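For reference, work.csv (CSV, C-alpha atoms):
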chain,number,residue,atom,x,y,z
L,220,MET,CA,8.1,94.5,-23.8
L,221,LEU,CA,8.6,98.1,-24.8
L,222,LEU,CA,11.5,99.3,-27.0
L,223,ARG,CA,13.7,101.8,-25.1
L,224,SER,CA,16.7,102.0,-27.4
L,225,ALA,CA,17.6,100.9,-30.9
L,226,PHE,CA,19.9,101.0,-33.9
L,227,VAL,CA,18.0,100.7,-37.2
L,228,PHE,CA,19.1,98.7,-40.2
L,229,SER,CA,17.7,97.2,-43.4
L,230,CYS,CA,18.1,93.5,-43.5
L,231,ASP,CA,17.1,90.7,-45.9
L,232,CYS,CA,16.2,87.6,-43.8
L,233,PRO,CA,13.9,84.5,-43.8
L,234,HIS,CA,10.2,85.2,-43.8
L,235,SER,CA,9.2,82.5,-41.4
L,236,PRO,CA,10.1,81.9,-37.7
L,237,GLU,CA,10.8,78.3,-38.6
L,238,GLU,CA,13.5,79.2,-41.1
L,239,LEU,CA,15.1,81.7,-38.8
L,240,GLU,CA,15.0,79.1,-36.0
L,241,GLU,CA,17.0,76.7,-38.0
L,242,VAL,CA,19.6,79.4,-38.8
L,243,LEU,CA,20.0,80.5,-35.2
L,244,ALA,CA,20.3,77.0,-33.9
L,245,SER,CA,23.9,76.8,-35.3
L,246,ARG,CA,24.9,79.3,-32.6
L,247,LYS,CA,22.6,78.4,-29.8
L,248,PHE,CA,24.0,79.4,-26.4
L,249,SER,CA,25.7,76.4,-24.7
L,250,GLY,CA,27.4,77.9,-21.7
L,251,ILE,CA,30.9,79.2,-21.2
L,252,GLY,CA,33.9,76.7,-21.1
L,253,GLN,CA,36.4,76.6,-18.2
L,254,LEU,CA,39.1,78.3,-20.2
L,255,ASP,CA,36.9,80.6,-22.3
L,256,VAL,CA,37.0,84.3,-21.6
L,257,ASP,CA,33.5,84.7,-23.0
L,258,HIS,CA,30.8,82.9,-24.9
L,259,LEU,CA,28.0,84.2,-27.1
L,260,GLY,CA,24.9,82.4,-28.4
L,261,TRP,CA,21.1,82.7,-29.0
L,262,VAL,CA,18.7,82.0,-26.2
L,263,ASN,CA,14.9,82.1,-25.9
L,264,PRO,CA,13.9,85.8,-25.6
L,265,ARG,CA,11.3,85.0,-22.8
L,266,GLU,CA,13.9,83.0,-20.8
L,267,LEU,CA,11.9,79.8,-21.2
L,268,GLU,CA,14.0,76.7,-20.8
L,269,ASN,CA,14.1,74.7,-24.1
L,270,GLY,CA,11.9,77.4,-25.6
L,271,PRO,CA,12.2,78.5,-29.3
L,272,LEU,CA,15.0,80.9,-30.2
L,273,VAL,CA,12.5,83.1,-32.2
L,274,HIS,CA,9.6,84.7,-30.4
L,275,ALA,CA,7.1,85.5,-33.2
L,276,VAL,CA,4.2,88.0,-32.8
L,277,ASP,CA,2.4,88.6,-36.0
L,278,SER,CA,5.2,89.6,-38.4
L,279,ILE,CA,7.6,90.6,-35.7
L,280,PHE,CA,10.4,88.3,-34.7
L,281,LEU,CA,12.2,88.9,-31.3
L,282,LEU,CA,15.7,87.4,-30.8
L,283,ALA,CA,18.0,87.4,-27.8
L,284,LEU,CA,21.8,87.1,-27.9
L,285,SER,CA,23.3,86.1,-24.6
L,286,LYS,CA,26.9,86.8,-23.7
L,287,GLU,CA,28.6,85.2,-20.7
L,288,THR,CA,31.9,86.8,-19.7
L,289,LYS,CA,34.5,85.7,-17.1
L,290,ILE,CA,35.3,88.3,-14.5
L,291,VAL,CA,39.0,88.3,-13.5
L,292,PRO,CA,39.8,91.3,-11.4
L,293,ALA,CA,43.0,93.1,-12.5
L,294,SER,CA,44.0,93.4,-8.8
L,295,THR,CA,43.9,89.6,-8.5
L,296,VAL,CA,46.0,89.1,-11.6
L,297,LYS,CA,48.6,91.7,-10.3
L,298,LYS,CA,48.9,90.0,-7.0
L,299,LYS,CA,49.3,86.5,-8.5
L,300,LEU,CA,51.8,87.8,-11.0
L,301,ALA,CA,53.9,89.5,-8.4
L,302,ALA,CA,54.1,86.1,-6.5
L,303,ALA,CA,55.0,84.3,-9.7
L,304,GLU,CA,57.7,86.8,-10.6
L,305,ALA,CA,59.2,86.4,-7.1
L,306,ASP,CA,59.3,82.7,-7.5
L,307,ALA,CA,60.9,82.9,-11.0
L,308,THR,CA,63.5,85.4,-9.7
L,309,LYS,CA,64.4,83.1,-6.8
L,310,ARG,CA,64.6,80.1,-9.1
L,311,GLU,CA,66.6,81.7,-11.9
L,312,GLY,CA,68.7,84.1,-9.8
L,313,ARG,CA,67.5,87.0,-11.9
L,314,PRO,CA,64.3,88.9,-12.6
L,315,PRO,CA,62.2,87.6,-15.6
L,316,SER,CA,62.7,89.4,-18.9
L,317,ARG,CA,59.8,91.3,-20.5
L,318,LYS,CA,59.0,88.3,-22.7
L,319,GLU,CA,59.0,85.9,-19.7
L,320,ARG,CA,56.9,88.3,-17.7
L,321,LYS,CA,54.3,88.5,-20.5
L,322,ALA,CA,54.2,84.6,-20.6
L,323,LEU,CA,53.9,84.5,-16.8
L,324,LYS,CA,51.0,87.0,-16.9
L,325,GLU,CA,49.2,84.9,-19.5
L,326,GLN,CA,49.7,81.7,-17.4
L,327,VAL,CA,48.4,83.5,-14.3
L,328,TYR,CA,45.3,84.8,-16.2
L,329,GLU,CA,44.5,81.4,-17.6
L,330,SER,CA,44.9,79.7,-14.2
L,331,LEU,CA,42.3,82.1,-12.8
L,332,LEU,CA,39.7,81.5,-15.6
L,333,PRO,CA,38.2,78.1,-14.4
L,334,GLY,CA,37.1,79.5,-11.0
L,335,ALA,CA,36.3,83.0,-12.1
L,336,PRO,CA,32.7,84.3,-11.6
L,337,THR,CA,30.7,85.2,-14.8
L,338,ARG,CA,28.4,87.9,-15.9
L,339,ILE,CA,25.6,87.4,-18.4
L,340,LYS,CA,24.3,90.2,-20.6
L,341,GLN,CA,21.5,89.9,-23.3
L,342,THR,CA,21.1,92.0,-26.4
L,343,PHE,CA,17.7,91.8,-28.1
L,344,GLY,CA,17.0,92.2,-31.8
L,345,VAL,CA,13.7,92.7,-33.6
L,346,LEU,CA,13.3,91.5,-37.2
L,347,ILE,CA,10.4,92.7,-39.3
L,348,PRO,CA,10.7,90.6,-42.5
L,349,PRO,CA,7.9,92.3,-44.5
L,350,LYS,CA,9.6,95.6,-44.1
L,351,LYS,CA,13.1,94.2,-44.3
L,352,GLN,CA,14.2,96.0,-41.2
L,353,LEU,CA,16.3,95.0,-38.2
L,354,LEU,CA,16.3,96.8,-34.9
L,355,VAL,CA,19.2,96.0,-32.4
L,356,LEU,CA,17.9,97.1,-29.0
L,357,THR,CA,21.0,98.6,-27.4
L,358,THR,CA,23.0,101.8,-27.0
L,359,SER,CA,26.3,100.0,-26.9
L,360,ALA,CA,28.5,99.9,-30.0
L,361,LYS,CA,30.2,96.7,-28.6
L,362,CYS,CA,26.8,94.9,-28.1
L,363,LEU,CA,25.9,96.0,-31.6
L,364,GLU,CA,29.1,94.5,-33.0
L,365,ASP,CA,28.6,91.3,-31.1
L,366,PHE,CA,25.0,91.0,-32.4
L,367,HIS,CA,25.9,91.5,-36.0
L,368,GLY,CA,28.9,89.2,-35.7
L,369,VAL,CA,26.9,86.2,-34.3
L,370,PHE,CA,23.9,86.9,-36.5
L,371,THR,CA,26.1,86.8,-39.6
L,372,ASP,CA,28.0,83.8,-38.4
L,373,SER,CA,24.8,81.9,-37.8
L,374,PHE,CA,23.9,82.3,-41.5
L,375,MET,CA,27.4,81.6,-42.7
L,376,LYS,CA,27.3,78.2,-40.9
L,377,ARG,CA,24.4,77.3,-43.1
L,378,GLY,CA,26.0,78.5,-46.3
L,379,MET,CA,24.0,81.8,-46.5
L,380,ARG,CA,24.8,85.4,-46.1
L,381,PRO,CA,22.3,87.9,-44.7
L,382,SER,CA,22.4,91.4,-46.1
L,383,PHE,CA,22.7,94.3,-43.6
L,384,ARG,CA,22.6,97.9,-44.6
L,385,LYS,CA,23.3,100.9,-42.5
L,386,LEU,CA,20.5,103.4,-43.1
L,387,ARG,CA,22.2,106.6,-44.3
L,388,THR,CA,20.0,109.7,-45.0
L,389,VAL,CA,20.4,111.9,-48.0
L,390,GLN,CA,21.0,114.9,-45.7
L,391,PRO,CA,23.4,114.4,-42.8
L,392,PRO,CA,21.2,114.4,-39.7
L,393,SER,CA,23.6,116.9,-38.0
L,394,LEU,CA,22.8,119.5,-40.6
L,395,LYS,CA,19.0,119.3,-40.0
L,396,MET,CA,19.5,119.1,-36.2
L,397,THR,CA,21.6,122.3,-36.4
L,398,GLU,CA,18.9,124.0,-38.4
L,399,TRP,CA,16.2,122.9,-35.9
L,400,LEU,CA,18.2,124.2,-32.9
L,401,LEU,CA,19.0,127.6,-34.7
L,402,ASN,CA,15.4,128.1,-35.6
L,403,ASN,CA,14.0,126.5,-32.4
L,404,GLU,CA,11.6,124.7,-34.6
L,405,CYS,CA,11.5,121.2,-36.2
L,406,ASP,CA,10.0,119.9,-39.4
L,407,GLY,CA,7.0,117.5,-39.6
L,408,GLY,CA,5.5,116.3,-36.4
L,409,PHE,CA,8.5,116.8,-34.2
L,410,VAL,CA,9.4,119.4,-31.5
L,411,LEU,CA,12.6,119.9,-29.6
L,412,GLY,CA,13.0,118.0,-26.4
L,413,GLU,CA,15.3,118.8,-23.4
L,414,HIS,CA,18.6,117.3,-24.3
L,415,CYS,CA,21.4,118.0,-26.7
L,416,GLU,CA,25.1,117.4,-27.1
L,417,LEU,CA,27.4,119.6,-29.2
L,418,THR,CA,31.0,118.8,-30.2
L,419,HIS,CA,33.8,120.4,-32.1
L,420,GLU,CA,37.2,118.6,-32.3
L,421,LYS,CA,37.9,117.7,-28.6
L,422,SER,CA,35.4,120.2,-27.2
L,423,LYS,CA,32.0,119.0,-26.0
L,424,VAL,CA,29.0,120.6,-24.3
L,425,ARG,CA,25.9,118.9,-23.0
L,426,TYR,CA,22.5,120.2,-22.0
L,427,THR,CA,20.1,117.9,-20.1
L,428,ALA,CA,16.6,118.6,-18.7
L,429,LEU,CA,16.7,122.1,-20.1
L,430,GLU,CA,14.8,124.0,-22.8
L,431,LEU,CA,16.9,124.2,-25.9
L,432,ASP,CA,16.0,127.8,-26.9
L,433,ARG,CA,19.0,129.1,-24.9
L,434,PRO,CA,21.2,131.8,-26.5
L,435,GLU,CA,24.4,130.0,-25.6
L,436,ILE,CA,23.4,127.0,-27.7
L,437,ARG,CA,23.0,129.2,-30.7
L,438,GLU,CA,26.4,130.8,-30.0
L,439,HIS,CA,28.0,127.3,-29.8
L,440,LEU,CA,26.4,126.4,-33.2
L,441,LEU,CA,27.6,129.6,-34.8
L,442,GLU,CA,31.1,129.0,-33.5
L,443,GLY,CA,31.1,125.6,-35.4
L,444,LYS,CA,30.0,123.1,-32.8
L,445,VAL,CA,27.9,120.3,-34.3
L,446,PRO,CA,25.0,118.4,-32.6
L,447,VAL,CA,25.6,114.7,-32.2
L,448,LYS,CA,22.7,114.1,-29.8
L,449,LEU,CA,19.3,115.7,-29.7
L,450,GLY,CA,16.2,115.1,-27.7
L,451,LEU,CA,13.0,115.2,-29.7
L,452,ARG,CA,9.3,114.7,-29.1
L,453,HIS,CA,6.8,113.4,-31.7
L,454,GLU,CA,3.3,114.7,-32.0
L,455,SER,CA,2.1,111.3,-30.7
L,456,THR,CA,3.8,112.3,-27.4
L,457,THR,CA,6.6,109.8,-27.8
L,458,SER,CA,10.0,111.2,-26.8
L,459,PHE,CA,13.5,110.0,-27.6
L,460,ILE,CA,17.1,111.0,-28.1
L,461,ILE,CA,18.7,110.6,-31.5
L,462,SER,CA,22.5,110.2,-31.7
L,463,CYS,CA,24.5,110.6,-34.9
L,464,GLY,CA,28.2,111.0,-34.7
L,465,SER,CA,30.5,110.9,-37.7
L,466,ALA,CA,29.4,109.7,-41.1
L,467,ASP,CA,30.7,106.2,-40.2
L,468,GLU,CA,28.5,105.9,-37.1
L,469,ASP,CA,25.1,104.4,-37.0
L,470,LEU,CA,21.9,106.3,-36.2
L,471,GLY,CA,21.0,105.5,-32.6
L,472,PHE,CA,17.8,106.0,-30.6
L,473,SER,CA,17.7,106.0,-26.8
L,474,LYS,CA,15.5,106.9,-23.8
L,475,ILE,CA,12.4,106.2,-25.8
L,476,HIS,CA,9.2,106.9,-23.8
L,477,TYR,CA,5.7,106.6,-25.2
L,478,GLY,CA,3.9,109.3,-23.3
L,479,ASP,CA,0.5,108.4,-21.9
L,480,ASN,CA,0.8,104.9,-23.5
L,481,ASP,CA,4.1,104.1,-21.7
L,482,GLY,CA,3.6,100.8,-19.9
L,483,LYS,CA,-0.2,101.1,-19.8
L,484,THR,CA,-1.5,98.4,-22.1
L,485,GLU,CA,-5.2,98.7,-22.6
L,486,GLY,CA,-7.5,96.0,-21.3
L,487,GLU,CA,-6.6,93.1,-19.1
L,488,GLY,CA,-4.6,90.1,-20.1
L,489,THR,CA,-2.0,87.6,-19.0
L,490,ALA,CA,1.7,88.5,-18.6
L,491,ASP,CA,2.4,86.9,-22.0
L,492,GLU,CA,-0.4,88.9,-23.7
L,493,VAL,CA,0.8,92.1,-22.2
L,494,PHE,CA,4.4,91.4,-23.3
L,495,ASP,CA,3.3,90.7,-26.9
L,496,SER,CA,0.9,93.7,-26.9
L,497,ASP,CA,3.6,96.1,-25.7
L,498,LEU,CA,6.1,94.7,-28.2
L,499,VAL,CA,3.8,95.2,-31.2
L,500,PHE,CA,2.7,98.6,-30.0
L,501,SER,CA,6.2,99.9,-29.4
L,502,VAL,CA,7.7,98.5,-32.7
L,503,THR,CA,4.8,99.9,-34.7
L,504,GLU,CA,5.0,103.3,-33.0
L,505,PHE,CA,8.8,103.5,-33.2
L,506,LEU,CA,9.0,102.5,-36.9
L,507,GLY,CA,6.4,105.1,-37.8
L,508,ILE,CA,8.3,107.8,-36.1
L,509,VAL,CA,11.7,106.7,-37.6
L,510,ASN,CA,10.2,106.8,-41.1
L,511,GLU,CA,8.9,110.3,-40.5
L,512,LEU,CA,12.3,111.4,-39.1
L,513,PHE,CA,14.2,109.9,-42.0
L,514,GLU,CA,11.9,111.8,-44.4
L,515,ALA,CA,12.8,115.0,-42.5
L,516,PHE,CA,16.4,114.2,-43.2
L,517,GLY,CA,15.8,113.9,-46.9
L,518,GLY,CA,15.0,110.2,-47.1
L,519,ILE,CA,17.3,107.1,-47.2
L,520,ALA,CA,20.4,107.5,-49.4
L,521,PRO,CA,20.5,104.9,-52.2
L,522,ASP,CA,24.2,104.2,-51.6
L,523,VAL,CA,24.0,102.9,-48.1
L,524,GLU,CA,26.9,100.8,-46.8
L,525,VAL,CA,26.6,97.1,-47.0
L,526,LEU,CA,27.8,95.3,-43.8
L,527,ALA,CA,27.4,91.8,-45.1
L,528,SER,CA,26.5,91.2,-48.7
L,529,GLY,CA,25.0,88.2,-50.4
L,530,GLU,CA,21.9,86.9,-52.1
L,531,ALA,CA,18.7,88.3,-50.6
L,532,PHE,CA,16.1,85.8,-49.3
L,533,GLN,CA,13.1,85.5,-51.7
Spell out the structure here as structure tokens.
Amino acid sequence: MLLRSAFVFSCDCPHSPEELEEVLASRKFSGIGQLDVDHLGWVNPRELENGPLVHAVDSIFLLALSKETKIVPASTVKKKLAAAEADATKREGRPPSRKERKALKEQVYESLLPGAPTRIKQTFGVLIPPKKQLLVLTTSAKCLEDFHGVFTDSFMKRGMRPSFRKLRTVQPPSLKMTEWLLNNECDGGFVLGEHCELTHEKSKVRYTALELDRPEIREHLLEGKVPVKLGLRHESTTSFIISCGSADEDLGFSKIHYGDNDGKTEGEGTADEVFDSDLVFSVTEFLGIVNELFEAFGGIAPDVEVLASGEAFQ
């Protein structure tokens, strides 16, 4: 399994897969109920029935949060609601009031839930206890919110509080990204890729699959636009896109590709061995690049925001 996207956090957590397994068991996925809109819980990351909730490879713990959601088409609700309103009008001799119509809509929606089809989506997380780091493998802010919420709740149910910290850099990434685009040169072992997105208030421009030494990009920057996404390539040939919106948003990495090493595990092995080898390789490669990038941004700020505070695990 190769990492393709990630948000990066610091996280104090148990140092053994057995301890973490006990914590996650309190929110193990049990399937959606008839009247539930959605249901979230932990599953085996390798999709093994009755398998452990933590897939441990060396000091890397892989987790998988499963979310099952009922799909109730708005068109179906609208059709059923129109029929219900017609019946109410005929019965009462008048159209339903706004309050009554709202109650009818809720009744219609709930009546459709038991037979509604479902969609299942998984969000993976990687814990590296020795480094006190957590990677949430997604580009979706909603999936990130779900992961943090269930992870925190799993600990709370056992009377513990994990400590999450958003990794903030001393220098805002957008400033360094602006400097790199203006100079057409990066610090350290990085070079510009072929993607950037610039914004200013409601204005946005995006460049994809293009060299970034274009005069119009420089003009946009001098006019006040700020880069919120930038494609970069590391000297190891790994390429990725970093995203960093406002100061309240998390640093995100997407479209990670590992050059000549992408999907080409050396040697022969079983599917399980290849899975584990790819996981270890990509986590190690990614964290090394992230640390170099954070150094280029001036290092990690000491006053990072705490998402869920509590006693650290010893």
Suppose you want the space between atom CA of Glu241 of chain L and atom CA of Asp255 of chain L; what is it in Å?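 If I compute the distance from atom CA of Glu241 of chain L to atom CA of Asp255 of chain L, I get 25.6 Å.
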Minimum-distance residue to Lys474 of chain L, chosen among L:Ile436, L:Leu239, L:Ala283, L:Leu222 (using all atoms listed in the file):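 Looking at the shortest contact to Lys474 of chain L, the residue is L:Leu222.
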At what distance in Å, to one decimal, does atom CA of Glu266 of chain L lie from atom CA of Thr337 of chain L?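 These two atoms are separated by 18.0 Å.
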To one decimal place in Å, what is the distance between atom CA of Asp231 of chain L and atom CA of Leu353 of chain L? 8.9 Å
Neighbouring residues of Lys395 of chain L were defined as those with any atom within 10 Å, considering all atoms listed in the file; residues of the same chain fewer than 2 positions away were excluded. Please report them as number ranges by chain. L: 390-393, 397-401, 405-406, 446, 515-517
Written selection (C-alpha atoms) as an mmCIF file, keeping the file's coordinate frame:
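Output below, filename result-v1.cif:
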data_model
loop_
_atom_site.group_PDB
_atom_site.id
_atom_site.type_symbol
_atom_site.label_atom_id
_atom_site.label_comp_id
_atom_site.auth_asym_id
_atom_site.auth_seq_id
_atom_site.Cartn_x
_atom_site.Cartn_y
_atom_site.Cartn_z
ATOM 1 C CA GLN L 390 21.000 114.900 -45.700
ATOM 2 C CA PRO L 391 23.400 114.400 -42.800
ATOM 3 C CA PRO L 392 21.200 114.400 -39.700
ATOM 4 C CA SER L 393 23.600 116.900 -38.000
ATOM 5 C CA THR L 397 21.600 122.300 -36.400
ATOM 6 C CA GLU L 398 18.900 124.000 -38.400
ATOM 7 C CA TRP L 399 16.200 122.900 -35.900
ATOM 8 C CA LEU L 400 18.200 124.200 -32.900
ATOM 9 C CA LEU L 401 19.000 127.600 -34.700
ATOM 10 C CA CYS L 405 11.500 121.200 -36.200
ATOM 11 C CA ASP L 406 10.000 119.900 -39.400
ATOM 12 C CA PRO L 446 25.000 118.400 -32.600
ATOM 13 C CA ALA L 515 12.800 115.000 -42.500
ATOM 14 C CA PHE L 516 16.400 114.200 -43.200
ATOM 15 C CA GLY L 517 15.800 113.900 -46.900
#
Which is closer to Ala293 of chain L than all the others in L:Ile460, L:Lys324, L:Val276, L:Thr308, using all atoms listed in the file?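 Going through L:Ile460, L:Lys324, L:Val276, L:Thr308 one by one, the smallest distance to Ala293 of chain L is for L:Lys324.
Candidate residues L:Ser235, L:Ser249, L:Ser422, L:Asn510 were compared for distance to Leu386 of chain L, and the nearest is L:Asn510, using only C-alpha atoms.
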For each of L:Gly443, L:Leu272, L:Lys350, L:Ile279, take the minimum atom-to-atom distance to Phe500 of chain L, counting all atoms listed in the file, then give the residue where this is smallest.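 Result for the nearest residue to Phe500 of chain L: L:Ile279.
Minimum atom-to-atom distances from L:Cys463, L:Ile251, L:Val327, L:Val355 to Arg387 of chain L were compared using only C-alpha atoms, and the lowest value belongs to L:Cys463.
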